[in-house]
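Asker: Structure file target-v6.cif, mmCIF, C-alpha atoms, pLDDT in the B column; chains and numbers go by the auth columns, is pasted below:
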data_run
loop_
_atom_site.group_PDB
_atom_site.id
_atom_site.type_symbol
_atom_site.label_atom_id
_atom_site.label_comp_id
_atom_site.label_asym_id
_atom_site.label_seq_id
_atom_site.Cartn_x
_atom_site.Cartn_y
_atom_site.Cartn_z
_atom_site.B_iso_or_equiv
_atom_site.auth_seq_id
_atom_site.auth_asym_id
ATOM 1 C CA MET A 1 0.000 0.000 0.000 48.00 8 A
ATOM 2 C CA LEU A 2 1.031 3.603 -0.523 51.00 9 A
ATOM 3 C CA GLY A 3 0.066 4.782 2.942 47.00 10 A
ATOM 4 C CA SER A 4 0.065 8.565 2.773 46.00 11 A
ATOM 5 C CA LEU A 5 1.638 8.666 -0.675 46.00 12 A
ATOM 6 C CA GLY A 6 -0.291 10.166 -3.563 43.00 13 A
ATOM 7 C CA ALA A 7 0.325 11.151 -7.163 44.00 14 A
ATOM 8 C CA GLN A 8 2.519 14.072 -6.132 44.00 15 A
ATOM 9 C CA ASP A 9 4.958 11.737 -4.373 54.00 16 A
ATOM 10 C CA PHE A 10 6.119 10.131 -7.614 54.00 17 A
ATOM 11 C CA ARG A 11 8.670 11.542 -10.011 51.00 18 A
ATOM 12 C CA PHE A 12 6.314 12.346 -12.841 66.00 19 A
ATOM 13 C CA HIS A 13 3.572 14.907 -13.335 79.00 20 A
ATOM 14 C CA LEU A 14 0.096 14.241 -14.701 86.00 21 A
ATOM 15 C CA PRO A 15 -2.305 16.752 -16.213 88.00 22 A
ATOM 16 C CA PRO A 16 -5.611 17.274 -14.366 93.00 23 A
ATOM 17 C CA LEU A 17 -7.786 14.186 -14.671 95.00 24 A
ATOM 18 C CA ASN A 18 -10.363 16.009 -16.800 95.00 25 A
ATOM 19 C CA GLU A 19 -7.600 16.560 -19.396 96.00 26 A
ATOM 20 C CA THR A 20 -6.121 13.057 -19.226 97.00 27 A
ATOM 21 C CA ALA A 21 -6.780 9.759 -21.006 98.00 28 A
ATOM 22 C CA PHE A 22 -5.665 6.548 -19.276 98.00 29 A
ATOM 23 C CA LEU A 23 -4.638 3.557 -21.386 98.00 30 A
ATOM 24 C CA LEU A 24 -3.544 0.659 -19.205 98.00 31 A
ATOM 25 C CA ASP A 25 -2.034 -2.770 -19.725 98.00 32 A
ATOM 26 C CA PHE A 26 -3.734 -5.658 -17.933 98.00 33 A
ATOM 27 C CA ASP A 27 -1.413 -8.565 -17.019 96.00 34 A
ATOM 28 C CA GLY A 28 1.440 -7.482 -14.792 96.00 35 A
ATOM 29 C CA THR A 29 0.011 -3.980 -14.483 98.00 36 A
ATOM 30 C CA LEU A 30 -3.604 -3.960 -13.318 98.00 37 A
ATOM 31 C CA VAL A 31 -3.323 -7.556 -12.083 98.00 38 A
ATOM 32 C CA ASP A 32 -0.406 -9.643 -10.889 97.00 39 A
ATOM 33 C CA ILE A 33 1.151 -12.186 -13.203 91.00 40 A
ATOM 34 C CA ALA A 34 -0.230 -15.685 -12.557 88.00 41 A
ATOM 35 C CA PRO A 35 1.038 -19.163 -13.496 83.00 42 A
ATOM 36 C CA THR A 36 -1.505 -19.308 -16.347 82.00 43 A
ATOM 37 C CA PRO A 37 -3.558 -16.588 -18.075 82.00 44 A
ATOM 38 C CA GLU A 38 -6.761 -18.160 -16.768 87.00 45 A
ATOM 39 C CA SER A 39 -5.665 -18.058 -13.130 91.00 46 A
ATOM 40 C CA VAL A 40 -5.167 -14.310 -12.701 94.00 47 A
ATOM 41 C CA VAL A 41 -7.118 -12.734 -9.871 96.00 48 A
ATOM 42 C CA VAL A 42 -8.758 -9.301 -10.002 97.00 49 A
ATOM 43 C CA PRO A 43 -7.839 -7.806 -6.606 96.00 50 A
ATOM 44 C CA ASN A 44 -10.440 -6.398 -4.267 95.00 51 A
ATOM 45 C CA GLY A 45 -10.989 -2.722 -4.920 95.00 52 A
ATOM 46 C CA LEU A 46 -9.571 -2.624 -8.438 97.00 53 A
ATOM 47 C CA LEU A 47 -12.910 -2.394 -10.224 97.00 54 A
ATOM 48 C CA ASP A 48 -14.060 0.402 -7.922 96.00 55 A
ATOM 49 C CA SER A 49 -10.802 2.290 -8.502 96.00 56 A
ATOM 50 C CA LEU A 50 -11.232 1.974 -12.251 98.00 57 A
ATOM 51 C CA ARG A 51 -14.870 3.076 -12.118 97.00 58 A
ATOM 52 C CA HIS A 52 -13.947 6.175 -10.119 97.00 59 A
ATOM 53 C CA LEU A 53 -11.084 6.936 -12.493 97.00 60 A
ATOM 54 C CA ARG A 54 -13.303 6.554 -15.542 98.00 61 A
ATOM 55 C CA GLU A 55 -15.826 8.962 -14.049 97.00 62 A
ATOM 56 C CA ALA A 56 -13.131 11.482 -13.132 97.00 63 A
ATOM 57 C CA CYS A 57 -11.578 11.462 -16.605 97.00 64 A
ATOM 58 C CA GLY A 58 -14.836 11.672 -18.542 97.00 65 A
ATOM 59 C CA ASP A 59 -14.850 8.044 -19.699 98.00 66 A
ATOM 60 C CA ALA A 60 -11.346 8.296 -21.216 98.00 67 A
ATOM 61 C CA LEU A 61 -10.230 4.950 -19.785 98.00 68 A
ATOM 62 C CA ALA A 62 -9.038 2.052 -21.939 98.00 69 A
ATOM 63 C CA VAL A 63 -7.361 -1.284 -21.391 98.00 70 A
ATOM 64 C CA VAL A 64 -4.741 -2.195 -24.001 98.00 71 A
ATOM 65 C CA SER A 65 -3.812 -5.852 -23.731 96.00 72 A
ATOM 66 C CA GLY A 66 -2.345 -8.781 -25.568 90.00 73 A
ATOM 67 C CA ARG A 67 -5.382 -10.794 -24.517 91.00 74 A
ATOM 68 C CA PRO A 68 -8.495 -11.136 -26.674 92.00 75 A
ATOM 69 C CA ILE A 69 -11.202 -8.609 -25.813 96.00 76 A
ATOM 70 C CA ASP A 70 -13.564 -11.261 -24.474 96.00 77 A
ATOM 71 C CA GLN A 71 -11.024 -12.193 -21.813 96.00 78 A
ATOM 72 C CA ILE A 72 -10.736 -8.574 -20.662 98.00 79 A
ATOM 73 C CA ASP A 73 -14.536 -8.441 -20.533 98.00 80 A
ATOM 74 C CA HIS A 74 -14.525 -11.592 -18.404 97.00 81 A
ATOM 75 C CA PHE A 75 -12.246 -10.044 -15.804 98.00 82 A
ATOM 76 C CA LEU A 76 -13.257 -6.364 -15.926 98.00 83 A
ATOM 77 C CA GLY A 77 -16.797 -6.385 -17.296 96.00 84 A
ATOM 78 C CA ASP A 78 -17.938 -3.035 -18.650 95.00 85 A
ATOM 79 C CA VAL A 79 -15.610 -0.987 -16.436 97.00 86 A
ATOM 80 C CA PRO A 80 -13.210 0.237 -19.191 98.00 87 A
ATOM 81 C CA PHE A 81 -14.812 2.519 -21.775 98.00 88 A
ATOM 82 C CA ALA A 82 -12.656 1.093 -24.590 98.00 89 A
ATOM 83 C CA VAL A 83 -10.636 -2.095 -24.985 98.00 90 A
ATOM 84 C CA ALA A 84 -7.856 -2.980 -27.396 98.00 91 A
ATOM 85 C CA GLY A 85 -6.999 -6.669 -27.536 95.00 92 A
ATOM 86 C CA GLU A 86 -4.399 -8.860 -29.185 91.00 93 A
ATOM 87 C CA HIS A 87 -1.891 -6.012 -29.272 90.00 94 A
ATOM 88 C CA GLY A 88 -4.149 -3.863 -31.428 93.00 95 A
ATOM 89 C CA VAL A 89 -5.525 -6.533 -33.747 91.00 96 A
ATOM 90 C CA ALA A 90 -8.982 -5.969 -32.199 95.00 97 A
ATOM 91 C CA ILE A 91 -10.313 -2.647 -30.892 97.00 98 A
ATOM 92 C CA ARG A 92 -13.682 -1.753 -29.379 98.00 99 A
ATOM 93 C CA HIS A 93 -13.917 2.015 -29.085 98.00 100 A
ATOM 94 C CA ARG A 94 -16.935 2.211 -26.775 96.00 101 A
ATOM 95 C CA PRO A 95 -19.087 -0.015 -24.562 94.00 102 A
ATOM 96 C CA GLY A 96 -21.328 -2.233 -26.639 93.00 103 A
ATOM 97 C CA GLY A 97 -19.732 -1.008 -29.849 96.00 104 A
ATOM 98 C CA PRO A 98 -18.475 -3.165 -32.690 97.00 105 A
ATOM 99 C CA ILE A 99 -15.079 -4.798 -32.509 96.00 106 A
ATOM 100 C CA GLU A 100 -12.902 -3.501 -35.331 95.00 107 A
ATOM 101 C CA ARG A 101 -10.214 -5.850 -36.590 93.00 108 A
ATOM 102 C CA ALA A 102 -7.061 -4.934 -38.441 91.00 109 A
ATOM 103 C CA ALA A 103 -6.357 -6.480 -41.819 89.00 110 A
ATOM 104 C CA LEU A 104 -3.916 -9.296 -41.125 88.00 111 A
ATOM 105 C CA PRO A 105 -1.538 -11.398 -43.203 91.00 112 A
ATOM 106 C CA SER A 106 -2.345 -15.089 -43.316 92.00 113 A
ATOM 107 C CA LEU A 107 -0.576 -17.046 -40.612 93.00 114 A
ATOM 108 C CA PRO A 108 1.128 -20.096 -42.185 95.00 115 A
ATOM 109 C CA LEU A 109 -0.758 -23.130 -40.947 94.00 116 A
ATOM 110 C CA GLU A 110 2.381 -25.226 -41.065 96.00 117 A
ATOM 111 C CA TRP A 111 3.850 -23.047 -38.293 97.00 118 A
ATOM 112 C CA LEU A 112 0.947 -23.935 -36.034 95.00 119 A
ATOM 113 C CA ALA A 113 1.257 -27.627 -36.856 97.00 120 A
ATOM 114 C CA GLN A 114 4.994 -27.581 -36.206 97.00 121 A
ATOM 115 C CA ALA A 115 4.471 -25.633 -32.973 97.00 122 A
ATOM 116 C CA ARG A 116 1.945 -28.175 -31.706 97.00 123 A
ATOM 117 C CA ASP A 117 4.294 -31.044 -32.557 97.00 124 A
ATOM 118 C CA LEU A 118 7.200 -29.317 -30.810 98.00 125 A
ATOM 119 C CA LEU A 119 5.260 -28.456 -27.657 97.00 126 A
ATOM 120 C CA ALA A 120 4.052 -32.041 -27.405 97.00 127 A
ATOM 121 C CA THR A 121 7.683 -32.978 -26.739 97.00 128 A
ATOM 122 C CA LEU A 122 8.162 -30.256 -24.089 97.00 129 A
ATOM 123 C CA PRO A 123 6.043 -30.901 -20.970 96.00 130 A
ATOM 124 C CA GLY A 124 4.836 -27.756 -19.246 95.00 131 A
ATOM 125 C CA THR A 125 4.775 -25.618 -22.401 97.00 132 A
ATOM 126 C CA ARG A 126 1.557 -24.304 -23.894 95.00 133 A
ATOM 127 C CA LEU A 127 0.398 -22.902 -27.233 96.00 134 A
ATOM 128 C CA GLU A 128 -1.949 -19.907 -27.266 92.00 135 A
ATOM 129 C CA HIS A 129 -3.410 -19.340 -30.730 90.00 136 A
ATOM 130 C CA LYS A 130 -4.529 -15.789 -31.490 84.00 137 A
ATOM 131 C CA GLU A 131 -5.966 -14.267 -34.618 79.00 138 A
ATOM 132 C CA GLY A 132 -2.960 -13.467 -36.771 84.00 139 A
ATOM 133 C CA GLY A 133 -0.366 -15.132 -34.555 91.00 140 A
ATOM 134 C CA PHE A 134 0.381 -17.329 -31.568 94.00 141 A
ATOM 135 C CA VAL A 135 2.245 -17.449 -28.255 94.00 142 A
ATOM 136 C CA LEU A 136 4.582 -20.149 -26.970 97.00 143 A
ATOM 137 C CA HIS A 137 4.357 -20.211 -23.170 95.00 144 A
ATOM 138 C CA TYR A 138 7.063 -21.798 -21.007 95.00 145 A
ATOM 139 C CA ARG A 139 6.305 -20.398 -17.531 91.00 146 A
ATOM 140 C CA THR A 140 6.189 -23.886 -16.012 92.00 147 A
ATOM 141 C CA ALA A 141 9.018 -25.177 -18.215 95.00 148 A
ATOM 142 C CA PRO A 142 11.731 -22.471 -18.238 96.00 149 A
ATOM 143 C CA GLU A 143 14.286 -24.935 -19.563 97.00 150 A
ATOM 144 C CA ALA A 144 12.377 -24.932 -22.886 97.00 151 A
ATOM 145 C CA ALA A 145 12.867 -21.201 -23.520 97.00 152 A
ATOM 146 C CA GLU A 146 15.807 -21.469 -25.917 97.00 153 A
ATOM 147 C CA THR A 147 14.361 -24.399 -27.860 98.00 154 A
ATOM 148 C CA LEU A 148 11.156 -22.451 -28.431 98.00 155 A
ATOM 149 C CA ARG A 149 13.026 -19.282 -29.352 97.00 156 A
ATOM 150 C CA GLN A 150 15.095 -21.050 -31.977 98.00 157 A
ATOM 151 C CA ALA A 151 12.050 -22.654 -33.586 98.00 158 A
ATOM 152 C CA ALA A 152 10.042 -19.418 -33.548 98.00 159 A
ATOM 153 C CA SER A 153 12.982 -17.467 -34.996 97.00 160 A
ATOM 154 C CA GLU A 154 13.203 -19.856 -37.929 97.00 161 A
ATOM 155 C CA TRP A 155 9.497 -19.481 -38.678 97.00 162 A
ATOM 156 C CA VAL A 156 9.611 -15.690 -38.505 96.00 163 A
ATOM 157 C CA GLN A 157 12.659 -15.503 -40.765 96.00 164 A
ATOM 158 C CA GLN A 158 10.670 -17.306 -43.437 95.00 165 A
ATOM 159 C CA SER A 159 8.131 -14.453 -43.468 94.00 166 A
ATOM 160 C CA LYS A 160 10.720 -11.852 -44.585 92.00 167 A
ATOM 161 C CA GLY A 161 9.421 -9.182 -42.223 92.00 168 A
ATOM 162 C CA THR A 162 5.705 -9.948 -42.363 95.00 169 A
ATOM 163 C CA PHE A 163 5.773 -11.403 -38.841 96.00 170 A
ATOM 164 C CA LEU A 164 7.796 -10.492 -35.759 93.00 171 A
ATOM 165 C CA LEU A 165 9.027 -12.522 -32.809 95.00 172 A
ATOM 166 C CA LEU A 166 8.732 -10.739 -29.476 89.00 173 A
ATOM 167 C CA PRO A 167 9.720 -11.837 -25.974 90.00 174 A
ATOM 168 C CA ALA A 168 6.960 -11.709 -23.377 85.00 175 A
ATOM 169 C CA LYS A 169 6.730 -12.798 -19.740 83.00 176 A
ATOM 170 C CA MET A 170 8.002 -16.386 -19.912 90.00 177 A
ATOM 171 C CA ALA A 171 6.771 -16.673 -23.491 93.00 178 A
ATOM 172 C CA TRP A 172 7.637 -15.990 -27.119 95.00 179 A
ATOM 173 C CA GLU A 173 5.006 -14.368 -29.312 93.00 180 A
ATOM 174 C CA ILE A 174 4.735 -14.357 -33.092 95.00 181 A
ATOM 175 C CA ARG A 175 2.526 -11.593 -34.445 89.00 182 A
ATOM 176 C CA PRO A 176 2.100 -9.444 -37.571 91.00 183 A
ATOM 177 C CA ALA A 177 4.522 -6.568 -38.058 90.00 184 A
ATOM 178 C CA GLY A 178 3.119 -3.034 -37.812 86.00 185 A
ATOM 179 C CA ILE A 179 0.207 -3.906 -35.521 91.00 186 A
ATOM 180 C CA ASP A 180 1.144 -3.378 -31.899 92.00 187 A
ATOM 181 C CA LYS A 181 0.064 -1.565 -28.749 96.00 188 A
ATOM 182 C CA GLY A 182 1.383 1.717 -30.124 96.00 189 A
ATOM 183 C CA TYR A 183 -0.881 1.289 -33.127 95.00 190 A
ATOM 184 C CA ALA A 184 -3.793 0.576 -30.771 96.00 191 A
ATOM 185 C CA VAL A 185 -3.114 3.648 -28.629 98.00 192 A
ATOM 186 C CA SER A 186 -2.906 5.875 -31.701 97.00 193 A
ATOM 187 C CA LEU A 187 -6.276 4.651 -32.985 97.00 194 A
ATOM 188 C CA LEU A 188 -7.964 4.989 -29.592 98.00 195 A
ATOM 189 C CA MET A 189 -6.711 8.559 -29.227 98.00 196 A
ATOM 190 C CA GLU A 190 -8.376 9.532 -32.513 97.00 197 A
ATOM 191 C CA SER A 191 -11.912 8.988 -31.143 96.00 198 A
ATOM 192 C CA PRO A 192 -13.945 10.608 -28.338 97.00 199 A
ATOM 193 C CA PRO A 193 -13.663 10.675 -25.384 98.00 200 A
ATOM 194 C CA PHE A 194 -9.902 10.288 -25.823 98.00 201 A
ATOM 195 C CA THR A 195 -9.364 12.929 -28.507 98.00 202 A
ATOM 196 C CA GLY A 196 -7.680 16.119 -27.335 97.00 203 A
ATOM 197 C CA ARG A 197 -6.490 14.678 -24.020 97.00 204 A
ATOM 198 C CA LYS A 198 -2.983 13.890 -22.812 97.00 205 A
ATOM 199 C CA PRO A 199 -2.534 10.110 -22.864 98.00 206 A
ATOM 200 C CA VAL A 200 -1.067 8.182 -19.943 97.00 207 A
ATOM 201 C CA PHE A 201 -0.011 4.600 -20.606 98.00 208 A
ATOM 202 C CA VAL A 202 1.254 2.171 -17.974 98.00 209 A
ATOM 203 C CA GLY A 203 2.684 -1.263 -18.780 97.00 210 A
ATOM 204 C CA ASP A 204 5.211 -3.819 -17.626 96.00 211 A
ATOM 205 C CA ASP A 205 6.505 -5.777 -20.606 89.00 212 A
ATOM 206 C CA VAL A 206 8.526 -5.352 -23.783 88.00 213 A
ATOM 207 C CA THR A 207 5.265 -5.498 -25.743 89.00 214 A
ATOM 208 C CA ASP A 208 4.251 -2.256 -23.980 95.00 215 A
ATOM 209 C CA GLU A 209 7.220 -0.269 -25.272 94.00 216 A
ATOM 210 C CA ASP A 210 5.457 0.617 -28.537 94.00 217 A
ATOM 211 C CA ALA A 211 2.571 2.142 -26.572 97.00 218 A
ATOM 212 C CA ILE A 212 4.923 4.050 -24.286 97.00 219 A
ATOM 213 C CA ALA A 213 6.715 5.471 -27.322 97.00 220 A
ATOM 214 C CA ALA A 214 3.388 6.391 -28.942 97.00 221 A
ATOM 215 C CA VAL A 215 2.019 8.337 -25.958 97.00 222 A
ATOM 216 C CA ARG A 216 5.299 10.173 -25.553 96.00 223 A
ATOM 217 C CA ARG A 217 5.163 11.256 -29.198 96.00 224 A
ATOM 218 C CA MET A 218 1.741 12.706 -28.383 96.00 225 A
ATOM 219 C CA GLY A 219 3.154 14.656 -25.444 95.00 226 A
ATOM 220 C CA GLY A 220 1.745 12.192 -22.925 96.00 227 A
ATOM 221 C CA VAL A 221 3.227 10.103 -20.134 95.00 228 A
ATOM 222 C CA GLY A 222 4.508 6.544 -20.525 95.00 229 A
ATOM 223 C CA LEU A 223 5.225 4.629 -17.324 96.00 230 A
ATOM 224 C CA ARG A 224 6.593 1.193 -16.524 95.00 231 A
ATOM 225 C CA ILE A 225 6.477 -1.439 -13.839 96.00 232 A
ATOM 226 C CA PRO A 226 8.922 -1.869 -12.096 93.00 233 A
ATOM 227 C CA SER A 227 10.932 1.257 -12.999 92.00 234 A
ATOM 228 C CA ASP A 228 8.169 3.743 -12.095 93.00 235 A
ATOM 229 C CA PHE A 229 6.047 1.537 -9.820 94.00 236 A
ATOM 230 C CA PRO A 230 7.851 -1.328 -8.074 92.00 237 A
ATOM 231 C CA THR A 231 4.900 -3.726 -8.233 94.00 238 A
ATOM 232 C CA PRO A 232 1.376 -3.952 -9.662 96.00 239 A
ATOM 233 C CA SER A 233 0.059 -3.674 -6.097 94.00 240 A
ATOM 234 C CA ILE A 234 1.738 -0.295 -5.611 93.00 241 A
ATOM 235 C CA PHE A 235 0.488 0.842 -9.004 94.00 242 A
ATOM 236 C CA ARG A 236 -3.071 -0.139 -8.084 95.00 243 A
ATOM 237 C CA ALA A 237 -2.802 1.775 -4.818 91.00 244 A
ATOM 238 C CA TRP A 238 -1.519 4.832 -6.678 92.00 245 A
ATOM 239 C CA LEU A 239 -4.332 4.503 -9.201 93.00 246 A
ATOM 240 C CA GLY A 240 -6.860 4.529 -6.369 92.00 247 A
ATOM 241 C CA SER A 241 -5.168 7.569 -4.847 90.00 248 A
ATOM 242 C CA LEU A 242 -5.841 9.620 -7.979 91.00 249 A
ATOM 243 C CA THR A 243 -9.525 9.858 -7.146 90.00 250 A
ATOM 244 C CA GLY A 244 -9.574 8.955 -3.471 77.00 251 A
ATOM 245 C CA GLY A 245 -6.710 11.052 -2.234 47.00 252 A
ATOM 246 C CA SER A 246 -5.318 14.309 -3.432 39.00 253 A
ATOM 247 C CA ARG A 247 -7.595 14.765 -6.438 36.00 254 A
#
Here is a file; write its structure as structure tokens.
Answerer:
Amino acid sequence: MLGSLGAQDFRFHLPPLNETAFLLDFDGTLVDIAPTPESVVVPNGLLDSLRHLREACGDALAVVSGRPIDQIDHFLGDVPFAVAGEHGVAIRHRPGGPIERAALPSLPLEWLAQARDLLATLPGTRLEHKEGGFVLHYRTAPEAAETLRQAASEWVQQSKGTFLLLPAKMAWEIRPAGIDKGYAVSLLMESPPFTGRKPVFVGDDVTDEDAIAAVRRMGGVGLRIPSDFPTPSIFRAWLGSLTGGSR
């Protein structure tokens, strides 16, 4: 917990909440990393903090995640105004609105088949298939990291720049080039209620760096866990302090 700390006790400055748009990562930021994506826990008080923040910033609250949108809905319900999923592949700009999907290159089916065959030989690894790409998880089999990286690198090299390989938390992800969290943030900021506000993005992983760079190009604030907030718990406490403390 922050105790008596509030926004002013950190080393960065935010605009007034009625001039700010918040775009937040989910895993490792709003919630703690769990052994599997399905086992994350939404901490007590988080939904209330997000509701109060959304009200204070005029609905300009979005979650920008690598997860599919339906998974964010499962954990957070209708609390965020907008949701970007799959690193920007899918974006819903408003509650109940349509989900817009980016045009994607065709993922080679032989990659998926080869990935399934490989993971069958590596106990504790797991394949997560997403639209346009897939993730090779090794959280419970860290010894498999290099084997998976080598295989994924070979597949990506075959695409000649169409697909990228990115490290994630105990995982390797293959996804289309040019569609990332920075792309998602830029699109979200083009539509009300985000337009005209200073964006604030908070994330914890290498896949969040594109979003941090994007908000900084817009004159906003890009923050990281653990360099700006030591843990997700401290970030959540700070988030609650924005509307329950000094503001």
Asker: Taking a cut-off of 12 Å and counting all atoms listed in the file, can you build a table that, for each residue of range 146-196 of chain A near range 52-69 of chain A, reports the nearest atom pair and how far apart they are in Å (one decimal), sorted by chain then residue number, as a Markdown table?
Answerer:
| residue | atom | partner | partner_atom | distance |
| --- | --- | --- | --- | --- |
| A:Lys188 | CA | A:Ala69 | CA | 11.9 |
| A:Ala191 | CA | A:Ala69 | CA | 10.4 |
| A:Val192 | CA | A:Ala69 | CA | 9.1 |
| A:Leu194 | CA | A:Ala69 | CA | 11.7 |
| A:Leu195 | CA | A:Ala69 | CA | 8.3 |
| A:Met196 | CA | A:Ala67 | CA | 9.3 |
Asker: Calculate how many Å separate CA of Leu246 in chain A from CA of Ala178 in chain A, rounding to one decimal.
Answerer: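 So the answer is 27.9 Å.
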Asker: Excluding Arg99 in chain A and any residue of its chain fewer than 6 positions from it, enumerate the residues within 8 Å of it, using all atoms listed in the file, and give them as a list in words.
Answerer: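 Here the answer would be Ala89, Val90, Ala91, Pro105, Ile106 and Glu107 of chain A.
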Asker: Hey, can I get the axis-aligned box for range 46-61 of chain A? All listed atoms, 8 Å padding on each side, centre and edge lengths in Å to one decimal, as JSON.
Answerer:
{"center_x": -10.0, "center_y": -5.6, "center_z": -9.9, "size_x": 25.7, "size_y": 41.0, "size_z": 27.3}
Asker: In Å to one decimal, how far is CA of Ser46 in chain A from CA of Pro102 in chain A?
Answerer: 25.2 Å
Asker: Considering all atoms listed in the file, can you say which of A:Gly189, A:Gly104, A:Gly226, A:Pro239 comes closest to Phe33 in chain A?
Answerer: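 Result for the nearest residue to Phe33 in chain A: A:Pro239.
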